[in-house]
Amino acid sequence: AVSQVSAPLKDLKGKVVYGEPDKDLEKLVGNISITLPNQETEPVKLNERNLLLRGTKLKNTAFILGIVLYVGVDTKIRKNNEKEDGAELKKSAIFRKVNTLLLYMLGLQIGLCVLAAIYSGIWQDDNKGAAEGYLFLDDNIAGLATLRFFTWFIVLSQLVPISLVVTSELTKKFQQLFMERDVEMWDDVRGPLKVNFGQISEDLGQIEYVFSDKTGTLTQNKMEFRLGFVGKEAYGSSETDISKRVKAKESGMKMPKINWTKRVQKHEEEMKGVKGGISFPEEMKQKMIQTMWSPETKNSRQAQLVRNYLTHMAISNTITPVADGDKI
């Protein structure tokens, strides 16, 4: 197929207009115009769906026809990995918290210095001419108040613990050395652990979110039938206890508090009587039994559909509806 397509490519002419190289992986601005023999076509707009990034593997197709837009250091992947001037470095949660507290303490220090300078100016104005022989007070009150501001700034400099930042950086450096020399972190192929950025070591082990798709670990493998459609009849309800309480709350109805611990214990006691399989709500179970075995309906088409439905649920792991005309 490739040879059949590549033959007429020599007669294909066109032009691609696209934007400058950037780091946005989900954006492509441009258009393409292809000139066929004896025929001109309108330019077609290009977007991110027409872009294959470097390293992309295309499947489920024999071949494609493509044009290389960005090469080398101009590829979007390379641009995205580059560090821009002034780009924000990685910071740990503790580091960001300490920075915020330092700003608050600096603001408190400046506020105290301003108050001290104002009070100093007021005091000098009230005591002008007093004790000039040994205090050497000047008539320039504003200048003396400014001088007192910086005097108090030096006095209160210990209020901002700059040494805390220095100690923290030294601690991170020693942590980095210990981690790189830990024999338990040795890999037979890659060798010792390499710490690329030691400023976020405090975030190690701090779990904020847990995602799991493994049923049975954080949850229990208990199947409870809620709703099923057999023929034109619906058995069960799609509403859960939580959805019922949400609707009641939205309607303004005051719901009593539920002891969920006792609710779970009660549910577990009920599940002990179910020997495997699926737990059916009692109301739905009675409705199905009545449909299948009551004298009025046991020979009806609905009863047979219910029997077939339950039989398929019992013997089939996967049921795929297949349409055959008007039948399923």
# chains A, B, ... in the order shown; residues from 1 in each chain; ligands from 1
call {"tool": "select_by_dssp", "arguments": {"residues": "range 157-251 of chain A", "states": "helix (DSSP H, G or I)", "output": "JSON list (two decimals) with C-alpha atoms, in the first residue's frame"}}
result
[["chain", "number", "residue", "atom", "x", "y", "z"],
["A", 157, "SER", "CA", 17.08, 41.80, 63.53],
["A", 158, "GLN", "CA", 17.04, 38.59, 65.62],
["A", 159, "LEU", "CA", 13.27, 38.54, 65.32],
["A", 162, "ILE", "CA", 17.79, 33.88, 59.20],
["A", 163, "SER", "CA", 19.87, 31.14, 60.82],
["A", 164, "LEU", "CA", 16.87, 28.82, 60.49],
["A", 165, "VAL", "CA", 17.11, 28.99, 56.70],
["A", 166, "VAL", "CA", 20.87, 28.36, 56.75],
["A", 167, "THR", "CA", 20.47, 25.40, 59.13],
["A", 168, "SER", "CA", 17.67, 23.99, 56.96],
["A", 169, "GLU", "CA", 19.85, 24.13, 53.83],
["A", 170, "LEU", "CA", 22.74, 22.40, 55.61],
["A", 171, "THR", "CA", 20.37, 19.71, 56.88],
["A", 172, "LYS", "CA", 19.06, 19.07, 53.35],
["A", 173, "LYS", "CA", 22.60, 18.76, 52.06],
["A", 174, "PHE", "CA", 23.48, 16.14, 54.68],
["A", 175, "GLN", "CA", 20.22, 14.31, 53.93],
["A", 176, "GLN", "CA", 21.18, 14.24, 50.25],
["A", 177, "LEU", "CA", 24.58, 12.73, 51.10],
["A", 178, "PHE", "CA", 23.03, 10.07, 53.34],
["A", 179, "MET", "CA", 20.45, 9.14, 50.69],
["A", 180, "GLU", "CA", 23.06, 8.78, 47.95],
["A", 183, "VAL", "CA", 23.05, 0.72, 50.44],
["A", 184, "GLU", "CA", 19.32, -0.07, 50.68],
["A", 185, "MET", "CA", 18.71, 2.36, 47.80],
["A", 198, "GLY", "CA", 17.54, 18.12, 47.31],
["A", 199, "GLN", "CA", 15.24, 21.05, 48.16],
["A", 200, "ILE", "CA", 12.10, 18.92, 48.39],
["A", 201, "SER", "CA", 13.35, 16.10, 50.59],
["A", 202, "GLU", "CA", 10.83, 17.11, 53.30],
["A", 203, "ASP", "CA", 7.97, 16.03, 51.02],
["A", 241, "ASP", "CA", -28.92, 5.58, 50.86],
["A", 242, "ILE", "CA", -26.51, 8.41, 50.09],
["A", 243, "SER", "CA", -28.42, 9.61, 47.02],
["A", 244, "LYS", "CA", -31.69, 9.56, 48.97],
["A", 245, "ARG", "CA", -30.18, 11.69, 51.73],
["A", 246, "VAL", "CA", -28.74, 14.13, 49.17],
["A", 247, "LYS", "CA", -32.16, 14.59, 47.53],
["A", 248, "ALA", "CA", -33.81, 15.04, 50.90],
["A", 249, "LYS", "CA", -31.23, 17.64, 51.88],
["A", 250, "GLU", "CA", -31.73, 19.53, 48.60]]
call {"tool": "residues_around", "arguments": {"residues": "Asn81 in chain A", "least_positions_apart": "5", "cutoff": "12 Å", "atoms": "only C-alpha atoms", "output": "PyMOL selection string"}}
result
chain A and resi 22-25+73-76+87
call {"tool": "residues_around", "arguments": {"residues": "range 99-104 of chain A", "least_positions_apart": "2", "cutoff": "12 Å", "atoms": "only C-alpha atoms", "output": "list in words"}}
result
Lys91, Ser92, Ala93, Ile94, Phe95, Arg96, Lys97, Leu106, Gly107, Leu108, Gln109, Ile110, Gly111, Gln158, Leu159, Val160, Pro161, Ile162, Ser163, Leu164 and Val165 of chain A
call {"tool": "write_last_selection", "arguments": {"atoms": "N, CA and C atoms", "output": "CSV table (one decimal), in the first residue's frame"}}
result
chain,number,residue,atom,x,y,z
A,91,LYS,N,9.7,23.8,45.3
A,91,LYS,CA,9.7,24.1,46.7
A,91,LYS,C,8.9,23.1,47.5
A,92,SER,N,9.4,22.7,48.6
A,92,SER,CA,8.6,21.8,49.5
A,92,SER,C,7.6,22.5,50.2
A,93,ALA,N,6.6,21.8,50.7
A,93,ALA,CA,5.5,22.4,51.5
A,93,ALA,C,6.0,23.2,52.7
A,94,ILE,N,7.0,22.6,53.4
A,94,ILE,CA,7.5,23.2,54.6
A,94,ILE,C,8.3,24.5,54.2
A,95,PHE,N,9.0,24.5,53.1
A,95,PHE,CA,9.8,25.6,52.7
A,95,PHE,C,8.8,26.8,52.3
A,96,ARG,N,7.7,26.5,51.6
A,96,ARG,CA,6.7,27.5,51.3
A,96,ARG,C,6.1,28.1,52.6
A,97,LYS,N,5.8,27.2,53.6
A,97,LYS,CA,5.3,27.7,54.8
A,97,LYS,C,6.2,28.6,55.6
A,106,LEU,N,8.9,39.6,59.1
A,106,LEU,CA,9.5,40.8,58.6
A,106,LEU,C,8.5,41.9,58.7
A,107,GLY,N,7.3,41.7,58.3
A,107,GLY,CA,6.3,42.8,58.4
A,107,GLY,C,6.1,43.2,59.8
A,108,LEU,N,6.1,42.3,60.8
A,108,LEU,CA,6.0,42.7,62.2
A,108,LEU,C,7.2,43.5,62.6
A,109,GLN,N,8.4,43.1,62.2
A,109,GLN,CA,9.6,43.8,62.5
A,109,GLN,C,9.5,45.3,62.0
A,110,ILE,N,9.1,45.4,60.7
A,110,ILE,CA,9.1,46.7,60.1
A,110,ILE,C,8.0,47.6,60.9
A,111,GLY,N,6.9,46.9,61.2
A,111,GLY,CA,5.9,47.7,62.0
A,111,GLY,C,6.3,48.2,63.3
A,158,GLN,N,17.1,40.0,65.2
A,158,GLN,CA,17.0,38.6,65.6
A,158,GLN,C,15.6,38.1,65.6
A,159,LEU,N,14.7,39.0,65.4
A,159,LEU,CA,13.3,38.5,65.3
A,159,LEU,C,13.0,37.7,64.1
A,160,VAL,N,13.7,37.9,63.0
A,160,VAL,CA,13.6,37.1,61.8
A,160,VAL,C,14.7,36.1,61.8
A,161,PRO,N,14.5,34.8,62.0
A,161,PRO,CA,15.5,33.8,62.2
A,161,PRO,C,16.1,33.4,60.9
A,162,ILE,N,17.1,34.2,60.4
A,162,ILE,CA,17.8,33.9,59.2
A,162,ILE,C,18.6,32.6,59.4
A,163,SER,N,19.1,32.3,60.6
A,163,SER,CA,19.9,31.1,60.8
A,163,SER,C,19.1,29.9,60.6
A,164,LEU,N,17.7,30.0,60.7
A,164,LEU,CA,16.9,28.8,60.5
A,164,LEU,C,17.0,28.4,59.0
A,165,VAL,N,17.0,29.3,58.1
A,165,VAL,CA,17.1,29.0,56.7
A,165,VAL,C,18.5,28.3,56.4
call {"tool": "residues_around", "arguments": {"residues": "Leu36 in chain A", "least_positions_apart": "2", "cutoff": "7 Å", "atoms": "only C-alpha atoms", "output": "PyMOL selection string"}}
result
chain A and resi 12-13+34+38-40
call {"tool": "residues_around", "arguments": {"residues": "range 45-53 of chain A", "least_positions_apart": "5", "cutoff": "6 Å", "atoms": "only C-alpha atoms", "output": "count of residues only"}}
result
6
call {"tool": "atom_distance", "arguments": {"atom1": "CA of Lys194 in chain A", "atom2": "CA of Ile207 in chain A"}}
result
22.0 Å
call {"tool": "select_by_dssp", "arguments": {"residues": "range 21-173 of chain A", "states": "strand (DSSP E)", "output": "list in words"}}
result
Gly30, Asn31, Ile32, Ser33, Ile34, Thr35, Leu36, Gln39, Glu40, Val44, Lys45 and Leu46 of chain A
call {"tool": "residues_around", "arguments": {"residues": "range 226-232 of chain A", "least_positions_apart": "2", "cutoff": "7 Å", "atoms": "only C-alpha atoms", "output": "number ranges by chain"}}
result
A: 224, 234-238, 302, 305-306
call {"tool": "write_last_selection", "arguments": {"atoms": "C-alpha atoms", "output": "PDB file, in the first residue's frame"}}
result
ATOM      1  CA  GLU A 224     -25.390  -6.025  45.629  1.00  0.00           C
ATOM      2  CA  ALA A 234     -37.808  -2.582  36.073  1.00  0.00           C
ATOM      3  CA  TYR A 235     -36.684  -4.499  39.130  1.00  0.00           C
ATOM      4  CA  GLY A 236     -35.017  -2.608  41.953  1.00  0.00           C
ATOM      5  CA  SER A 237     -34.011   1.017  42.294  1.00  0.00           C
ATOM      6  CA  SER A 238     -30.938   2.985  41.249  1.00  0.00           C
ATOM      7  CA  GLN A 302     -42.326 -11.952  31.278  1.00  0.00           C
ATOM      8  CA  LEU A 305     -37.660 -13.496  30.409  1.00  0.00           C
ATOM      9  CA  VAL A 306     -36.965 -13.234  34.155  1.00  0.00           C
TER      10      VAL A 306
END
call {"tool": "atom_distance", "arguments": {"atom1": "CA of Lys15 in chain A", "atom2": "CA of Ile64 in chain A"}}
result
18.0 Å
call {"tool": "atom_distance", "arguments": {"atom1": "CA of Glu239 in chain A", "atom2": "CA of Lys298 in chain A"}}
result
28.9 Å
call {"tool": "closest_residue", "arguments": {"among": "A:Ile289, A:Val114, A:Ile122, A:Val44", "to": "Phe149 in chain A", "atoms": "only C-alpha atoms"}}
result
A:Val114
call {"tool": "decode", "arguments": {"residues": "range 166-216 of chain A", "atoms": "N, CA and C atoms", "output": "mmCIF file, in the first residue's frame"}}
result
data_model
loop_
_atom_site.group_PDB
_atom_site.id
_atom_site.type_symbol
_atom_site.label_atom_id
_atom_site.label_comp_id
_atom_site.auth_asym_id
_atom_site.auth_seq_id
_atom_site.Cartn_x
_atom_site.Cartn_y
_atom_site.Cartn_z
ATOM 1 N N VAL A 166 19.533 28.914 56.976
ATOM 2 C CA VAL A 166 20.870 28.356 56.751
ATOM 3 C C VAL A 166 20.965 26.944 57.308
ATOM 4 N N THR A 167 20.449 26.735 58.521
ATOM 5 C CA THR A 167 20.466 25.401 59.130
ATOM 6 C C THR A 167 19.659 24.407 58.302
ATOM 7 N N SER A 168 18.507 24.860 57.788
ATOM 8 C CA SER A 168 17.671 23.985 56.962
ATOM 9 C C SER A 168 18.403 23.554 55.692
ATOM 10 N N GLU A 169 19.115 24.479 55.051
ATOM 11 C CA GLU A 169 19.849 24.134 53.830
ATOM 12 C C GLU A 169 20.979 23.153 54.126
ATOM 13 N N LEU A 170 21.680 23.338 55.247
ATOM 14 C CA LEU A 170 22.741 22.399 55.608
ATOM 15 C C LEU A 170 22.163 21.015 55.922
ATOM 16 N N THR A 171 21.013 20.994 56.575
ATOM 17 C CA THR A 171 20.371 19.710 56.878
ATOM 18 C C THR A 171 19.987 18.976 55.601
ATOM 19 N N LYS A 172 19.434 19.696 54.626
ATOM 20 C CA LYS A 172 19.057 19.066 53.355
ATOM 21 C C LYS A 172 20.276 18.517 52.629
ATOM 22 N N LYS A 173 21.383 19.229 52.710
ATOM 23 C CA LYS A 173 22.602 18.763 52.058
ATOM 24 C C LYS A 173 23.088 17.458 52.677
ATOM 25 N N PHE A 174 23.066 17.376 54.018
ATOM 26 C CA PHE A 174 23.479 16.141 54.677
ATOM 27 C C PHE A 174 22.492 15.007 54.373
ATOM 28 N N GLN A 175 21.203 15.324 54.306
ATOM 29 C CA GLN A 175 20.217 14.314 53.929
ATOM 30 C C GLN A 175 20.499 13.777 52.528
ATOM 31 N N GLN A 176 20.842 14.661 51.616
ATOM 32 C CA GLN A 176 21.179 14.244 50.252
ATOM 33 C C GLN A 176 22.371 13.289 50.245
ATOM 34 N N LEU A 177 23.405 13.594 51.041
ATOM 35 C CA LEU A 177 24.582 12.728 51.099
ATOM 36 C C LEU A 177 24.242 11.361 51.680
ATOM 37 N N PHE A 178 23.422 11.344 52.734
ATOM 38 C CA PHE A 178 23.034 10.070 53.342
ATOM 39 C C PHE A 178 22.200 9.228 52.372
ATOM 40 N N MET A 179 21.306 9.869 51.637
ATOM 41 C CA MET A 179 20.449 9.141 50.689
ATOM 42 C C MET A 179 21.275 8.547 49.545
ATOM 43 N N GLU A 180 22.246 9.281 49.064
ATOM 44 C CA GLU A 180 23.060 8.780 47.952
ATOM 45 C C GLU A 180 24.009 7.665 48.385
ATOM 46 N N ARG A 181 24.265 7.560 49.696
ATOM 47 C CA ARG A 181 25.168 6.529 50.198
ATOM 48 C C ARG A 181 24.443 5.395 50.913
ATOM 49 N N ASP A 182 23.127 5.388 50.800
ATOM 50 C CA ASP A 182 22.341 4.348 51.450
ATOM 51 C C ASP A 182 22.399 3.066 50.611
ATOM 52 N N VAL A 183 22.908 1.981 51.194
ATOM 53 C CA VAL A 183 23.047 0.719 50.442
ATOM 54 C C VAL A 183 21.681 0.109 50.141
ATOM 55 N N GLU A 184 20.655 0.461 50.943
ATOM 56 C CA GLU A 184 19.322 -0.074 50.685
ATOM 57 C C GLU A 184 18.696 0.555 49.441
ATOM 58 N N MET A 185 19.234 1.680 48.993
ATOM 59 C CA MET A 185 18.713 2.360 47.803
ATOM 60 C C MET A 185 19.535 2.054 46.559
ATOM 61 N N TRP A 186 20.371 1.033 46.624
ATOM 62 C CA TRP A 186 21.237 0.664 45.497
ATOM 63 C C TRP A 186 20.461 -0.153 44.475
ATOM 64 N N ASP A 187 20.676 0.171 43.210
ATOM 65 C CA ASP A 187 20.067 -0.580 42.110
ATOM 66 C C ASP A 187 21.166 -1.286 41.335
ATOM 67 N N ASP A 188 20.963 -2.581 41.037
ATOM 68 C CA ASP A 188 22.005 -3.364 40.372
ATOM 69 C C ASP A 188 22.292 -2.872 38.963
ATOM 70 N N VAL A 189 21.328 -2.212 38.342
ATOM 71 C CA VAL A 189 21.508 -1.748 36.959
ATOM 72 C C VAL A 189 21.942 -0.282 36.937
ATOM 73 N N ARG A 190 21.228 0.570 37.670
ATOM 74 C CA ARG A 190 21.494 2.010 37.622
ATOM 75 C C ARG A 190 22.500 2.482 38.662
ATOM 76 N N GLY A 191 22.840 1.634 39.600
ATOM 77 C CA GLY A 191 23.812 2.026 40.601
ATOM 78 C C GLY A 191 23.183 2.735 41.777
ATOM 79 N N PRO A 192 23.893 3.645 42.428
ATOM 80 C CA PRO A 192 23.367 4.309 43.630
ATOM 81 C C PRO A 192 22.287 5.326 43.299
ATOM 82 N N LEU A 193 21.570 5.692 44.338
ATOM 83 C CA LEU A 193 20.533 6.715 44.201
ATOM 84 C C LEU A 193 21.166 8.055 43.851
ATOM 85 N N LYS A 194 20.540 8.771 42.933
ATOM 86 C CA LYS A 194 21.013 10.092 42.544
ATOM 87 C C LYS A 194 19.954 11.124 42.903
ATOM 88 N N VAL A 195 20.311 12.052 43.780
ATOM 89 C CA VAL A 195 19.394 13.125 44.182
ATOM 90 C C VAL A 195 19.599 14.296 43.233
ATOM 91 N N ASN A 196 18.623 14.534 42.371
ATOM 92 C CA ASN A 196 18.734 15.626 41.405
ATOM 93 C C ASN A 196 18.354 16.975 42.006
ATOM 94 N N PHE A 197 17.463 16.953 42.983
ATOM 95 C CA PHE A 197 17.009 18.214 43.575
ATOM 96 C C PHE A 197 16.742 17.953 45.049
ATOM 97 N N GLY A 198 17.641 18.404 45.895
ATOM 98 C CA GLY A 198 17.539 18.120 47.314
ATOM 99 C C GLY A 198 16.687 19.078 48.107
ATOM 100 N N GLN A 199 16.025 20.051 47.439
ATOM 101 C CA GLN A 199 15.243 21.053 48.163
ATOM 102 C C GLN A 199 13.874 20.560 48.576
ATOM 103 N N ILE A 200 13.451 19.404 48.089
ATOM 104 C CA ILE A 200 12.103 18.919 48.387
ATOM 105 C C ILE A 200 12.149 17.605 49.151
ATOM 106 N N SER A 201 13.231 17.357 49.856
ATOM 107 C CA SER A 201 13.351 16.102 50.594
ATOM 108 C C SER A 201 12.318 16.003 51.717
ATOM 109 N N GLU A 202 11.814 17.159 52.219
ATOM 110 C CA GLU A 202 10.826 17.113 53.296
ATOM 111 C C GLU A 202 9.506 16.512 52.835
ATOM 112 N N ASP A 203 9.242 16.549 51.523
ATOM 113 C CA ASP A 203 7.975 16.033 51.024
ATOM 114 C C ASP A 203 7.966 14.517 50.895
ATOM 115 N N LEU A 204 9.109 13.862 51.084
ATOM 116 C CA LEU A 204 9.153 12.408 50.991
ATOM 117 C C LEU A 204 8.317 11.795 52.118
ATOM 118 N N GLY A 205 7.435 10.919 51.756
ATOM 119 C CA GLY A 205 6.607 10.246 52.758
ATOM 120 C C GLY A 205 5.375 11.004 53.178
ATOM 121 N N GLN A 206 5.180 12.224 52.709
ATOM 122 C CA GLN A 206 3.991 12.987 53.062
ATOM 123 C C GLN A 206 2.907 12.715 52.023
ATOM 124 N N ILE A 207 1.979 11.847 52.362
ATOM 125 C CA ILE A 207 0.937 11.413 51.440
ATOM 126 C C ILE A 207 -0.274 12.319 51.594
ATOM 127 N N GLU A 208 -0.671 12.928 50.512
ATOM 128 C CA GLU A 208 -1.830 13.820 50.532
ATOM 129 C C GLU A 208 -3.047 13.181 49.881
ATOM 130 N N TYR A 209 -2.835 12.404 48.818
ATOM 131 C CA TYR A 209 -3.939 11.729 48.140
ATOM 132 C C TYR A 209 -3.577 10.261 47.937
ATOM 133 N N VAL A 210 -4.563 9.400 48.027
ATOM 134 C CA VAL A 210 -4.386 7.970 47.780
ATOM 135 C C VAL A 210 -5.354 7.568 46.685
ATOM 136 N N PHE A 211 -4.824 7.045 45.585
ATOM 137 C CA PHE A 211 -5.639 6.565 44.483
ATOM 138 C C PHE A 211 -5.440 5.055 44.367
ATOM 139 N N SER A 212 -6.509 4.320 44.233
ATOM 140 C CA SER A 212 -6.403 2.873 44.127
ATOM 141 C C SER A 212 -7.531 2.351 43.251
ATOM 142 N N ASP A 213 -7.202 1.446 42.346
ATOM 143 C CA ASP A 213 -8.212 0.780 41.533
ATOM 144 C C ASP A 213 -8.261 -0.708 41.866
ATOM 145 N N LYS A 214 -7.688 -1.065 43.000
ATOM 146 C CA LYS A 214 -7.626 -2.457 43.424
ATOM 147 C C LYS A 214 -8.782 -2.727 44.374
ATOM 148 N N THR A 215 -9.840 -3.382 43.881
ATOM 149 C CA THR A 215 -10.961 -3.697 44.751
ATOM 150 C C THR A 215 -10.582 -4.831 45.681
ATOM 151 N N GLY A 216 -11.055 -4.735 46.893
ATOM 152 C CA GLY A 216 -10.754 -5.763 47.867
ATOM 153 C C GLY A 216 -9.683 -5.339 48.846
#
